>>> print(open('my_file14.csv').read())   # CSV, C-alpha atoms and all ligand atoms
chain,number,residue,atom,x,y,z
C,447,MET,CA,179.7,170.7,134.2
C,448,ILE,CA,183.2,170.3,135.7
C,449,ILE,CA,185.0,173.3,137.1
C,450,VAL,CA,188.7,172.6,136.7
C,451,LEU,CA,190.9,174.5,139.2
C,452,LYS,CA,194.5,175.4,138.6
C,453,PRO,CA,197.2,173.2,140.2
C,454,GLY,CA,197.9,174.3,143.8
C,455,THR,CA,194.8,176.5,144.1
C,456,PRO,CA,194.5,177.5,147.8
C,457,ASP,CA,191.6,176.3,150.0
C,458,ASN,CA,190.1,179.8,150.3
C,459,GLU,CA,189.8,180.1,146.5
C,460,ILE,CA,188.3,176.6,146.3
C,461,ASN,CA,185.8,177.5,149.0
C,462,HIS,CA,184.9,180.7,147.3
C,463,VAL,CA,184.0,178.8,144.1
C,464,ILE,CA,182.0,176.3,146.1
C,465,GLU,CA,180.0,179.1,147.9
C,466,LYS,CA,179.2,180.8,144.6
C,467,VAL,CA,177.9,177.5,143.2
C,468,GLU,CA,175.8,176.8,146.3
C,469,LYS,CA,174.4,180.3,146.3
C,470,ALA,CA,173.1,179.7,142.8
C,471,GLY,CA,171.2,176.7,144.2
C,472,LEU,CA,173.4,174.1,142.6
C,473,THR,CA,175.1,171.1,144.2
C,474,PRO,CA,178.9,170.9,144.0
C,475,HIS,CA,180.8,167.7,144.4
C,476,VAL,CA,184.5,168.1,145.0
C,477,SER,CA,187.3,165.8,143.9
C,478,LYS,CA,190.7,166.5,145.3
C,479,GLY,CA,193.2,164.8,143.0
C,480,ILE,CA,196.9,164.6,143.3
C,481,GLU,CA,197.5,167.3,140.8
C,482,ARG,CA,194.4,169.5,140.9
C,483,THR,CA,190.9,169.9,142.4
C,484,LEU,CA,187.8,169.4,140.3
C,485,ILE,CA,184.3,170.6,141.2
C,486,MET,CA,181.5,168.8,139.6
C,487,VAL,CA,178.3,170.8,139.5
C,488,ILE,CA,175.0,169.1,138.9
C,489,GLY,CA,171.9,171.0,138.1
C,490,ASP,CA,170.7,173.4,135.5
C,491,ASP,CA,173.6,174.2,133.1
C,492,ARG,CA,171.8,177.5,132.2
C,493,ILE,CA,172.2,178.8,135.8
C,494,LEU,CA,175.8,177.8,135.7
C,495,ALA,CA,176.4,179.6,132.5
C,496,GLU,CA,175.3,182.8,134.2
C,497,LEU,CA,178.0,182.6,136.8
C,498,PRO,CA,181.3,184.4,136.1
C,499,LEU,CA,183.2,181.2,136.9
C,500,GLU,CA,186.1,181.5,134.5
C,501,THR,CA,187.0,184.9,135.9
C,502,MET,CA,187.2,183.7,139.5
C,503,PRO,CA,190.6,183.2,141.0
C,504,GLY,CA,191.8,179.6,140.8
C,505,VAL,CA,189.5,178.6,138.0
C,506,GLU,CA,191.3,177.2,134.9
C,507,LYS,CA,188.4,176.2,132.8
C,508,VAL,CA,184.8,175.0,132.9
C,509,MET,CA,183.9,172.0,130.8
C,510,SER,CA,180.8,169.9,130.2
C,511,VAL,CA,180.8,166.1,130.8
C,512,LEU,CA,179.7,164.2,127.8
C,513,GLN,CA,178.8,161.0,129.5
C,514,PRO,CA,175.4,160.7,131.2
C,515,PHE,CA,177.2,159.4,134.3
C,516,LYS,CA,179.2,162.2,135.8
C,517,LEU,CA,180.7,161.5,139.3
C,518,VAL,CA,181.4,157.9,138.2
C,519,SER,CA,183.2,159.1,135.1
C,520,LYS,CA,187.0,159.3,134.6
C,521,GLU,CA,186.4,162.8,133.3
C,522,PHE,CA,185.6,163.8,136.9
C,523,GLN,CA,188.4,161.8,138.5
C,524,LYS,CA,191.4,160.4,136.7
C,525,GLU,CA,193.0,158.6,139.6
C,526,PRO,CA,191.4,155.3,140.7
C,527,THR,CA,189.2,155.5,143.7
C,528,ILE,CA,190.6,153.6,146.7
C,529,ILE,CA,188.1,152.6,149.3
C,530,LYS,CA,189.3,152.0,152.8
C,531,VAL,CA,187.4,149.3,154.8
C,532,ARG,CA,189.0,149.0,158.2
C,533,ASP,CA,192.6,148.3,157.4
C,534,ILE,CA,192.0,147.1,153.9
C,535,GLU,CA,192.1,149.1,150.7
C,536,ILE,CA,189.9,148.3,147.7
C,537,GLY,CA,191.0,149.6,144.3
C,538,GLY,CA,194.7,149.9,145.1
C,539,ASN,CA,197.5,147.6,143.9
C,540,LYS,CA,196.5,144.8,146.2
C,541,LEU,CA,193.6,142.6,145.1
C,542,VAL,CA,190.9,141.8,147.6
C,543,VAL,CA,189.0,138.5,148.0
C,544,MET,CA,185.5,138.5,149.5
C,545,ALA,CA,184.7,135.0,150.4
C,546,GLY,CA,182.1,133.1,152.5
C,547,PRO,CA,178.8,131.4,152.2
C,548,CYS,CA,175.9,132.6,150.1
C,549,THR,CA,173.7,132.6,153.2
C,550,VAL,CA,174.4,132.8,156.9
C,551,GLU,CA,172.8,129.5,158.0
C,552,ASP,CA,173.9,129.1,161.6
C,553,ARG,CA,176.7,130.0,164.0
C,554,GLU,CA,178.7,126.8,163.6
C,555,MET,CA,178.8,126.8,159.8
C,556,LEU,CA,179.5,130.6,159.5
C,557,PHE,CA,182.4,130.5,162.0
C,558,ASP,CA,183.9,127.3,160.4
C,559,VAL,CA,183.8,128.8,156.9
C,560,ALA,CA,185.0,132.2,158.2
C,561,LYS,CA,188.1,130.7,159.8
C,562,LYS,CA,188.9,128.6,156.7
C,563,VAL,CA,188.6,131.5,154.2
C,564,LYS,CA,190.7,133.6,156.5
C,565,GLU,CA,193.4,130.9,156.7
C,566,ALA,CA,193.4,130.7,152.9
C,567,GLY,CA,194.0,134.4,152.6
C,568,ALA,CA,190.6,135.9,152.0
C,569,THR,CA,190.5,139.6,153.0
C,570,ILE,CA,186.7,140.1,153.5
C,571,LEU,CA,184.0,137.8,154.8
C,572,ARG,CA,180.7,137.6,152.8
C,573,GLY,CA,177.4,136.2,153.9
C,574,GLY,CA,173.7,137.1,153.2
C,575,ALA,CA,171.3,137.7,156.1
C,576,PHE,CA,168.5,139.1,153.8
C,577,LYS,CA,168.3,136.8,150.7
C,578,PRO,CA,166.6,137.7,147.4
C,579,ARG,CA,165.2,134.2,146.6
C,580,THR,CA,163.4,133.4,143.4
C,581,SER,CA,160.8,131.4,145.3
C,582,PRO,CA,158.9,132.8,148.3
C,583,TYR,CA,159.0,129.4,149.8
C,584,ALA,CA,162.8,129.2,149.8
C,585,PHE,CA,164.8,130.2,152.9
C,586,GLN,CA,164.8,134.0,153.1
C,587,GLY,CA,167.8,134.5,155.4
C,588,MET,CA,168.2,134.9,159.1
C,589,GLY,CA,167.7,138.7,159.1
C,590,GLU,CA,169.1,140.6,162.1
C,591,ASP,CA,170.3,137.4,163.8
C,592,GLY,CA,172.4,136.7,160.7
C,593,LEU,CA,173.9,140.2,161.0
C,594,LYS,CA,174.8,139.5,164.6
C,595,LEU,CA,176.5,136.3,163.6
C,596,LEU,CA,178.4,138.1,160.9
C,597,SER,CA,179.7,140.7,163.3
C,598,GLU,CA,180.7,137.9,165.7
C,599,ALA,CA,182.6,136.2,162.9
C,600,ARG,CA,184.3,139.5,162.2
C,601,ASP,CA,185.5,139.7,165.8
C,602,LEU,CA,186.7,136.1,165.6
C,603,THR,CA,188.7,136.4,162.4
C,604,GLY,CA,189.4,140.1,162.1
C,605,LEU,CA,187.9,140.1,158.6
C,606,PRO,CA,185.6,143.0,157.6
C,607,ILE,CA,182.2,141.9,156.5
C,608,ILE,CA,179.9,142.4,153.5
C,609,THR,CA,176.2,141.6,153.4
C,610,GLU,CA,173.2,142.5,151.2
C,611,VAL,CA,170.5,145.0,151.9
C,612,MET,CA,167.2,144.6,149.9
C,613,ASP,CA,164.9,147.2,151.4
C,614,THR,CA,165.0,150.9,152.2
C,615,ARG,CA,163.5,150.0,155.6
C,616,THR,CA,166.5,148.0,156.6
C,617,VAL,CA,169.4,150.2,155.3
C,618,ASP,CA,170.0,151.7,158.8
C,619,LEU,CA,169.9,148.3,160.5
C,620,VAL,CA,172.3,146.7,158.0
C,621,ALA,CA,174.6,149.7,158.0
C,622,ARG,CA,174.9,149.4,161.8
C,623,TYR,CA,176.5,145.9,161.5
C,624,THR,CA,178.3,145.7,158.2
C,625,ASP,CA,181.5,147.2,156.8
C,626,ILE,CA,180.3,147.0,153.2
C,627,ILE,CA,176.7,147.1,152.0
C,628,GLN,CA,175.9,144.9,149.0
C,629,VAL,CA,173.2,145.9,146.5
C,630,GLY,CA,172.1,142.7,144.8
C,631,ALA,CA,171.6,142.3,141.0
C,632,ARG,CA,167.9,142.3,141.4
C,633,ASN,CA,168.0,145.7,143.1
C,634,MET,CA,170.4,147.4,140.9
C,635,GLN,CA,167.6,149.7,139.6
C,636,ASN,CA,165.7,150.0,142.8
C,637,PHE,CA,166.2,153.7,142.8
C,638,GLU,CA,164.7,154.5,146.1
C,639,LEU,CA,167.1,151.9,147.7
C,640,LEU,CA,170.0,153.5,145.9
C,641,LYS,CA,169.1,157.0,147.1
C,642,GLU,CA,168.8,155.7,150.7
C,643,ILE,CA,172.2,154.0,150.5
C,644,GLY,CA,173.6,157.2,149.0
C,645,GLU,CA,172.7,159.0,152.2
C,646,CYS,CA,174.8,156.7,154.4
C,647,LYS,CA,178.6,156.6,154.6
C,648,VAL,CA,179.1,152.9,154.5
C,649,PRO,CA,181.0,151.6,151.4
C,650,VAL,CA,178.8,149.9,148.8
C,651,LEU,CA,179.2,147.0,146.4
C,652,LEU,CA,176.8,147.5,143.5
C,653,LYS,CA,176.1,144.3,141.6
C,654,ARG,CA,175.3,144.5,137.9
C,655,GLY,CA,171.6,143.8,137.1
C,656,LEU,CA,170.7,140.5,135.5
C,657,SER,CA,169.9,142.2,132.2
C,658,SER,CA,171.5,145.6,132.6
C,659,THR,CA,173.8,147.4,130.2
C,660,ILE,CA,177.1,148.9,131.5
C,661,LYS,CA,175.6,152.3,131.0
C,662,GLU,CA,172.5,151.5,133.2
C,663,TRP,CA,174.8,150.0,135.8
C,664,LEU,CA,177.0,153.1,135.9
C,665,MET,CA,173.9,155.3,136.1
C,666,SER,CA,172.9,153.3,139.2
C,667,ALA,CA,176.3,154.0,140.8
C,668,GLU,CA,175.7,157.7,139.9
C,669,TYR,CA,172.5,157.6,142.0
C,670,ILE,CA,174.4,156.5,145.1
C,671,MET,CA,177.3,159.0,144.5
C,672,SER,CA,175.0,161.9,143.7
C,673,ARG,CA,173.6,161.6,147.3
C,674,GLY,CA,177.1,162.0,148.7
C,675,ASN,CA,178.3,158.4,149.2
C,676,TYR,CA,181.3,158.2,147.0
C,677,LYS,CA,182.5,154.8,148.3
C,678,VAL,CA,181.1,152.7,145.5
C,679,MET,CA,182.5,149.6,143.9
C,680,LEU,CA,181.1,147.8,140.9
C,681,CYS,CA,180.6,144.0,140.8
C,682,GLU,CA,180.2,142.1,137.6
C,683,ARG,CA,178.2,138.9,138.4
C,684,GLY,CA,177.1,137.7,135.0
C,685,ILE,CA,174.2,138.7,132.8
C,686,ARG,CA,171.3,136.8,131.1
C,687,THR,CA,172.0,135.6,127.6
C,688,PHE,CA,170.8,132.8,125.4
C,689,GLU,CA,173.5,130.5,126.8
C,690,ASP,CA,172.3,128.0,129.4
C,691,ALA,CA,175.3,125.9,130.0
C,692,THR,CA,176.2,128.4,132.8
C,693,ARG,CA,173.8,130.1,135.2
C,694,ASN,CA,174.7,133.5,133.7
C,695,THR,CA,177.3,134.7,131.2
C,696,LEU,CA,180.2,136.3,133.1
C,697,ASP,CA,180.9,139.4,131.1
C,698,LEU,CA,184.6,140.0,131.6
C,699,SER,CA,184.8,142.6,128.9
C,700,ALA,CA,182.7,144.7,131.4
C,701,VAL,CA,185.9,144.8,133.6
C,702,ALA,CA,187.9,146.4,130.8
C,703,VAL,CA,185.1,148.8,129.8
C,704,CYS,CA,184.3,149.9,133.4
C,705,LYS,CA,188.0,150.4,134.1
C,706,HIS,CA,188.2,152.6,131.0
C,707,LEU,CA,185.1,154.6,131.7
C,708,SER,CA,185.2,154.9,135.5
C,709,HIS,CA,187.6,155.4,138.4
C,710,LEU,CA,185.6,153.1,140.7
C,711,PRO,CA,187.0,149.7,141.8
C,712,VAL,CA,185.6,146.6,139.9
C,713,ILE,CA,185.0,143.3,141.6
C,714,VAL,CA,184.1,140.1,139.8
C,715,ASP,CA,181.8,137.4,141.2
C,716,PRO,CA,182.4,134.2,139.2
C,717,SER,CA,180.2,132.2,141.6
C,718,HIS,CA,177.0,133.8,140.4
C,719,GLY,CA,178.5,134.5,137.1
C,720,THR,CA,178.8,130.8,136.2
C,721,GLY,CA,176.6,128.9,138.8
C,722,LYS,CA,179.0,125.9,139.0
C,723,TRP,CA,182.1,125.7,141.3
C,724,ARG,CA,184.0,124.0,138.4
C,725,TRP,CA,183.8,127.1,136.2
C,726,VAL,CA,184.5,129.4,139.1
C,727,ILE,CA,188.2,128.4,139.2
C,728,PRO,CA,189.2,129.3,135.6
C,729,MET,CA,186.9,132.4,135.5
C,730,SER,CA,188.5,133.7,138.8
C,731,LYS,CA,191.9,133.5,137.1
C,732,ALA,CA,190.5,135.1,133.9
C,733,ALA,CA,188.9,137.9,136.0
C,734,ILE,CA,192.3,138.8,137.6
C,735,ALA,CA,194.0,138.7,134.2
C,736,ALA,CA,191.3,141.0,132.9
C,737,GLY,CA,192.3,143.7,135.5
C,738,CYS,CA,189.6,143.5,138.2
C,739,ASP,CA,190.4,144.8,141.7
C,740,GLY,CA,189.1,141.7,143.5
C,741,LEU,CA,186.9,138.7,143.6
C,742,MET,CA,183.7,137.7,145.4
C,743,LEU,CA,183.6,133.9,145.9
C,744,GLU,CA,181.0,131.6,147.6
C,745,VAL,CA,182.6,129.0,149.9
C,746,HIS,CA,180.7,126.4,151.9
C,747,HIS,CA,182.0,123.5,154.0
C,748,ASN,CA,179.2,121.2,152.8
C,749,PRO,CA,177.8,122.5,149.5
C,750,GLU,CA,175.4,119.5,149.2
C,751,GLU,CA,173.5,120.7,152.2
C,752,ALA,CA,173.8,124.4,151.5
C,753,LEU,CA,170.5,126.4,151.9
C,754,SER,CA,171.3,128.4,148.8
C,755,ASP,CA,173.8,128.3,145.9
C,756,GLY,CA,175.5,125.0,146.9
C,757,ASP,CA,176.3,124.2,143.2
C,758,GLN,CA,178.5,127.2,142.8
C,759,SER,CA,180.1,127.1,146.2
C,760,LEU,CA,183.7,126.0,146.6
C,761,LEU,CA,184.8,123.6,149.3
C,762,PRO,CA,187.3,125.4,151.6
C,763,ASP,CA,190.2,123.1,150.3
C,764,LYS,CA,189.4,124.1,146.7
C,765,PHE,CA,189.2,127.7,147.7
C,766,LYS,CA,192.6,127.4,149.3
C,767,LYS,CA,194.1,125.8,146.3
C,768,LEU,CA,192.6,128.5,144.0
C,769,MET,CA,194.0,131.2,146.2
C,770,SER,CA,197.5,129.8,145.7
C,771,GLU,CA,196.9,129.6,141.9
C,772,LEU,CA,195.7,133.2,141.7
C,773,ARG,CA,198.8,134.8,143.4
C,774,PRO,CA,201.2,134.2,140.5
C,775,ILE,CA,198.6,135.5,138.0
C,776,ALA,CA,198.2,138.6,140.1
C,777,LYS,CA,202.0,139.0,140.1
C,778,VAL,CA,202.4,138.7,136.4
C,779,ILE,CA,200.0,141.6,135.8
C,780,GLY,CA,201.7,143.7,138.5
C,781,ARG,CA,199.2,143.3,141.3
C,782,ALA,CA,199.7,142.0,144.8
C,783,MET,CA,197.4,139.6,146.6
M,801,LIG,C1,174.6,136.8,146.4
M,801,LIG,O1,175.6,137.5,146.4
M,801,LIG,O2,174.4,135.9,147.2
M,801,LIG,C2,173.5,137.2,145.5
M,801,LIG,C3,172.2,137.0,145.7
M,801,LIG,O3,174.0,137.8,144.4
M,801,LIG,P1,173.3,138.4,143.0
M,801,LIG,O4,172.6,139.6,143.5
M,801,LIG,O5,174.5,138.8,142.2
M,801,LIG,O6,172.4,137.4,142.5
M,802,MN,MN,174.5,133.4,146.3
>>> encode(input="my_file14.csv", output="structure tokens", more="lines below")
Ligand code: PEP
Ligand code: MN
Amino acid sequence: MIIVLKPGTPDNEINHVIEKVEKAGLTPHVSKGIERTLIMVIGDDRILAELPLETMPGVEKVMSVLQPFKLVSKEFQKEPTIIKVRDIEIGGNKLVVMAGPCTVEDREMLFDVAKKVKEAGATILRGGAFKPRTSPYAFQGMGEDGLKLLSEARDLTGLPIITEVMDTRTVDLVARYTDIIQVGARNMQNFELLKEIGECKVPVLLKRGLSSTIKEWLMSAEYIMSRGNYKVMLCERGIRTFEDATRNTLDLSAVAVCKHLSHLPVIVDPSHGTGKWRWVIPMSKAAIAAGCDGLMLEVHHNPEEALSDGDQSLLPDKFKKLMSELRPIAKVIGRAM
């Protein structure tokens, strides 16, 4: 249920409604929009029906949300969510580019790639320290040492960092180092992990599961938000289809659909979406034209020797050229870069 307050309702009246809802044992989530405040109440609708909400001062109406995802939905919040990460805004007019290696391999390579992506105009540095590998014999990531290198690279370049967390036991550890927590495709429906991340205040990038529908993906975002962490961004990274010419099928229609259904920022990852650097270039352009709020791109100074995802990693020069080709596309659709 959403309690819609009249425009300009004073704080004491808003607080009065919140107290009433809490007293009834329900959880209110408040969205303060430009025009009006909405209070989403999750819990037993029958209890809510007993409350004299519509007679309370400040309340305009009470409506039910038809979608199964509530806090994620545009019905709850019309204005786009803008997430502040250090001095960068995600979800505003300016597009963001998260770039860097798939995996943090060592200090030298990370710093080299970090400096190069920064020079080319990237806004956030990516790099995995805990890696979800298909084979248990493949490199599993540097763990906390990788997190330390990422934070040193942030000091060096000034770029905020994003890195993946795979396990409820390492959420606090990763949150201590990173500016954005990444939930990988394989963990999109790890509900315990989502709940744990929902308890912290660090912004989250939620990747779409390998075979997940948009509705399932949005329900996973709802898990995080329902625990109080509203700083969620969605990331389309390709889904499994019958097509095997590309590693995954990058579902760009998901950008349009998510933007229609939700107020959350949408990021596109054409690196995992296609699996080949060659296809990353046109699909990055297409993603921006489709209306995403930013890109996530893998960049490596020596893809041939990369410990993971070399095939889909752009050389720094190619990344730089791509950045210069993306700017005019952003401009045409009214976005800055
Ligand atoms: C990654 O970003 O390196 C990664 C493992 O992504 P995904 O979870 O989308 O496969
Ligand atoms: Mn990768």
>>> atom_distance(input="my_file14.csv", atom1="CA of Ile608 in chain C", atom2="CA of Gly573 in chain C")
6.7 Å
>>> residues_near_ligand(input="my_file14.csv", ligand="ligand LIG 801 (chain M)", cutoff="6 Å", atoms="all atoms listed in the file", output="PyMOL selection string")
chain C and resi 548+578+630-632+653+683+718
>>> residues_near_ligand(input="my_file14.csv", ligand="ligand MN 802 (chain M)", cutoff="12 Å", atoms="all atoms listed in the file", output="PDB file with C-alpha atoms, in the frame of the given file")
ATOM      1  CA  ALA C 545     184.700 135.000 150.400  1.00  0.00           C
ATOM      2  CA  GLY C 546     182.100 133.100 152.500  1.00  0.00           C
ATOM      3  CA  PRO C 547     178.800 131.400 152.200  1.00  0.00           C
ATOM      4  CA  CYS C 548     175.900 132.600 150.100  1.00  0.00           C
ATOM      5  CA  THR C 549     173.700 132.600 153.200  1.00  0.00           C
ATOM      6  CA  VAL C 550     174.400 132.800 156.900  1.00  0.00           C
ATOM      7  CA  ARG C 572     180.700 137.600 152.800  1.00  0.00           C
ATOM      8  CA  GLY C 573     177.400 136.200 153.900  1.00  0.00           C
ATOM      9  CA  GLY C 574     173.700 137.100 153.200  1.00  0.00           C
ATOM     10  CA  ALA C 575     171.300 137.700 156.100  1.00  0.00           C
ATOM     11  CA  PHE C 576     168.500 139.100 153.800  1.00  0.00           C
ATOM     12  CA  LYS C 577     168.300 136.800 150.700  1.00  0.00           C
ATOM     13  CA  PRO C 578     166.600 137.700 147.400  1.00  0.00           C
ATOM     14  CA  ARG C 579     165.200 134.200 146.600  1.00  0.00           C
ATOM     15  CA  THR C 580     163.400 133.400 143.400  1.00  0.00           C
ATOM     16  CA  GLN C 586     164.800 134.000 153.100  1.00  0.00           C
ATOM     17  CA  GLY C 587     167.800 134.500 155.400  1.00  0.00           C
ATOM     18  CA  THR C 609     176.200 141.600 153.400  1.00  0.00           C
ATOM     19  CA  GLU C 610     173.200 142.500 151.200  1.00  0.00           C
ATOM     20  CA  GLN C 628     175.900 144.900 149.000  1.00  0.00           C
ATOM     21  CA  GLY C 630     172.100 142.700 144.800  1.00  0.00           C
ATOM     22  CA  ALA C 631     171.600 142.300 141.000  1.00  0.00           C
ATOM     23  CA  LYS C 653     176.100 144.300 141.600  1.00  0.00           C
ATOM     24  CA  ARG C 683     178.200 138.900 138.400  1.00  0.00           C
ATOM     25  CA  ARG C 693     173.800 130.100 135.200  1.00  0.00           C
ATOM     26  CA  ASP C 715     181.800 137.400 141.200  1.00  0.00           C
ATOM     27  CA  PRO C 716     182.400 134.200 139.200  1.00  0.00           C
ATOM     28  CA  SER C 717     180.200 132.200 141.600  1.00  0.00           C
ATOM     29  CA  HIS C 718     177.000 133.800 140.400  1.00  0.00           C
ATOM     30  CA  GLY C 719     178.500 134.500 137.100  1.00  0.00           C
ATOM     31  CA  THR C 720     178.800 130.800 136.200  1.00  0.00           C
ATOM     32  CA  GLY C 721     176.600 128.900 138.800  1.00  0.00           C
ATOM     33  CA  LYS C 722     179.000 125.900 139.000  1.00  0.00           C
ATOM     34  CA  TRP C 723     182.100 125.700 141.300  1.00  0.00           C
ATOM     35  CA  MET C 742     183.700 137.700 145.400  1.00  0.00           C
ATOM     36  CA  LEU C 743     183.600 133.900 145.900  1.00  0.00           C
ATOM     37  CA  GLU C 744     181.000 131.600 147.600  1.00  0.00           C
ATOM     38  CA  VAL C 745     182.600 129.000 149.900  1.00  0.00           C
ATOM     39  CA  HIS C 746     180.700 126.400 151.900  1.00  0.00           C
ATOM     40  CA  PRO C 749     177.800 122.500 149.500  1.00  0.00           C
ATOM     41  CA  ALA C 752     173.800 124.400 151.500  1.00  0.00           C
ATOM     42  CA  LEU C 753     170.500 126.400 151.900  1.00  0.00           C
ATOM     43  CA  SER C 754     171.300 128.400 148.800  1.00  0.00           C
ATOM     44  CA  ASP C 755     173.800 128.300 145.900  1.00  0.00           C
ATOM     45  CA  GLY C 756     175.500 125.000 146.900  1.00  0.00           C
ATOM     46  CA  ASP C 757     176.300 124.200 143.200  1.00  0.00           C
ATOM     47  CA  GLN C 758     178.500 127.200 142.800  1.00  0.00           C
ATOM     48  CA  SER C 759     180.100 127.100 146.200  1.00  0.00           C
ATOM     49  CA  LEU C 760     183.700 126.000 146.600  1.00  0.00           C
TER      50      LEU C 760
END
>>> residues_around(input="my_file14.csv", residues="Ala621 in chain C", least_positions_apart="2", cutoff="9 Å", atoms="only C-alpha atoms", output="list of chain:residue names")
C:Val611, C:Thr616, C:Val617, C:Asp618, C:Leu619, C:Tyr623, C:Thr624, C:Asp625, C:Ile626, C:Ile627, C:Ile643, C:Cys646, C:Lys647, C:Val648
>>> atom_distance(input="my_file14.csv", atom1="CA of Asn748 in chain C", atom2="CA of Val559 in chain C")
9.8 Å
>>> closest_residue(input="my_file14.csv", among="C:Lys564, C:Asp601, C:Lys677, C:Leu472", to="Ile536 in chain C", atoms="only C-alpha atoms")
C:Lys677
>>> atom_distance(input="my_file14.csv", atom1="CA of Gln635 in chain C", atom2="CA of Phe515 in chain C")
14.6 Å
>>> closest_atom_pairs(input="my_file14.csv", of="range 450-539 of chain C", to="range 697-705 of chain C", cutoff="12 Å", atoms="all atoms listed in the file", output="tab-separated table")
residue	atom	partner	partner_atom	distance
C:Phe515	CA	C:Cys704	CA	11.9
C:Val518	CA	C:Cys704	CA	9.8
C:Ser519	CA	C:Cys704	CA	9.4
C:Lys520	CA	C:Lys705	CA	9.0
C:Lys524	CA	C:Lys705	CA	10.9
C:Glu525	CA	C:Lys705	CA	11.1
C:Pro526	CA	C:Lys705	CA	8.9
C:Thr527	CA	C:Lys705	CA	10.9
C:Gly537	CA	C:Lys705	CA	10.7
>>> residues_around(input="my_file14.csv", residues="range 487-500 of chain C", least_positions_apart="6", cutoff="6 Å", atoms="all atoms listed in the file", output="number ranges by chain")
C: 447, 472-474
>>> closest_residue(input="my_file14.csv", among="C:Lys767, C:Lys540, C:Arg622, C:Arg654", to="Ile727 in chain C", atoms="all atoms listed in the file")
C:Lys767
>>> build_atoms(input="my_file14.csv", residues="range 620-624 of chain C", atoms="all heavy atoms", output="PDB file, in the frame of the given file")
ATOM      1  N   VAL C 620     171.180 147.361 158.618  1.00  0.00           N
ATOM      2  CA  VAL C 620     172.300 146.700 158.000  1.00  0.00           C
ATOM      3  C   VAL C 620     173.590 147.522 158.151  1.00  0.00           C
ATOM      4  O   VAL C 620     174.660 147.007 158.475  1.00  0.00           O
ATOM      5  CB  VAL C 620     172.035 146.302 156.527  1.00  0.00           C
ATOM      6  CG1 VAL C 620     173.254 145.693 155.866  1.00  0.00           C
ATOM      7  CG2 VAL C 620     170.851 145.333 156.434  1.00  0.00           C
ATOM      8  N   ALA C 621     173.452 148.825 157.949  1.00  0.00           N
ATOM      9  CA  ALA C 621     174.600 149.700 158.000  1.00  0.00           C
ATOM     10  C   ALA C 621     175.233 149.730 159.434  1.00  0.00           C
ATOM     11  O   ALA C 621     176.424 149.975 159.580  1.00  0.00           O
ATOM     12  CB  ALA C 621     174.215 151.145 157.635  1.00  0.00           C
ATOM     13  N   ARG C 622     174.417 149.453 160.465  1.00  0.00           N
ATOM     14  CA  ARG C 622     174.900 149.400 161.800  1.00  0.00           C
ATOM     15  C   ARG C 622     175.899 148.234 162.042  1.00  0.00           C
ATOM     16  O   ARG C 622     176.795 148.281 162.849  1.00  0.00           O
ATOM     17  CB  ARG C 622     173.803 149.296 162.846  1.00  0.00           C
ATOM     18  CG  ARG C 622     173.229 150.630 163.276  1.00  0.00           C
ATOM     19  CD  ARG C 622     172.577 150.546 164.649  1.00  0.00           C
ATOM     20  NE  ARG C 622     171.465 149.617 164.726  1.00  0.00           N
ATOM     21  CZ  ARG C 622     170.233 149.869 164.298  1.00  0.00           C
ATOM     22  NH1 ARG C 622     169.959 151.010 163.759  1.00  0.00           N
ATOM     23  NH2 ARG C 622     169.268 148.972 164.398  1.00  0.00           N
ATOM     24  N   TYR C 623     175.676 147.151 161.301  1.00  0.00           N
ATOM     25  CA  TYR C 623     176.500 145.900 161.500  1.00  0.00           C
ATOM     26  C   TYR C 623     177.625 145.800 160.490  1.00  0.00           C
ATOM     27  O   TYR C 623     178.690 145.325 160.834  1.00  0.00           O
ATOM     28  CB  TYR C 623     175.591 144.699 161.353  1.00  0.00           C
ATOM     29  CG  TYR C 623     174.657 144.464 162.516  1.00  0.00           C
ATOM     30  CD1 TYR C 623     173.349 144.924 162.495  1.00  0.00           C
ATOM     31  CD2 TYR C 623     175.096 143.772 163.650  1.00  0.00           C
ATOM     32  CE1 TYR C 623     172.486 144.699 163.561  1.00  0.00           C
ATOM     33  CE2 TYR C 623     174.239 143.549 164.724  1.00  0.00           C
ATOM     34  CZ  TYR C 623     172.933 144.009 164.673  1.00  0.00           C
ATOM     35  OH  TYR C 623     172.098 143.784 165.728  1.00  0.00           O
ATOM     36  N   THR C 624     177.350 146.162 159.238  1.00  0.00           N
ATOM     37  CA  THR C 624     178.300 145.700 158.200  1.00  0.00           C
ATOM     38  C   THR C 624     179.370 146.770 157.859  1.00  0.00           C
ATOM     39  O   THR C 624     179.223 147.964 158.135  1.00  0.00           O
ATOM     40  CB  THR C 624     177.491 145.399 156.893  1.00  0.00           C
ATOM     41  OG1 THR C 624     178.318 144.625 156.026  1.00  0.00           O
ATOM     42  CG2 THR C 624     177.023 146.641 156.158  1.00  0.00           C
TER      43      THR C 624
END
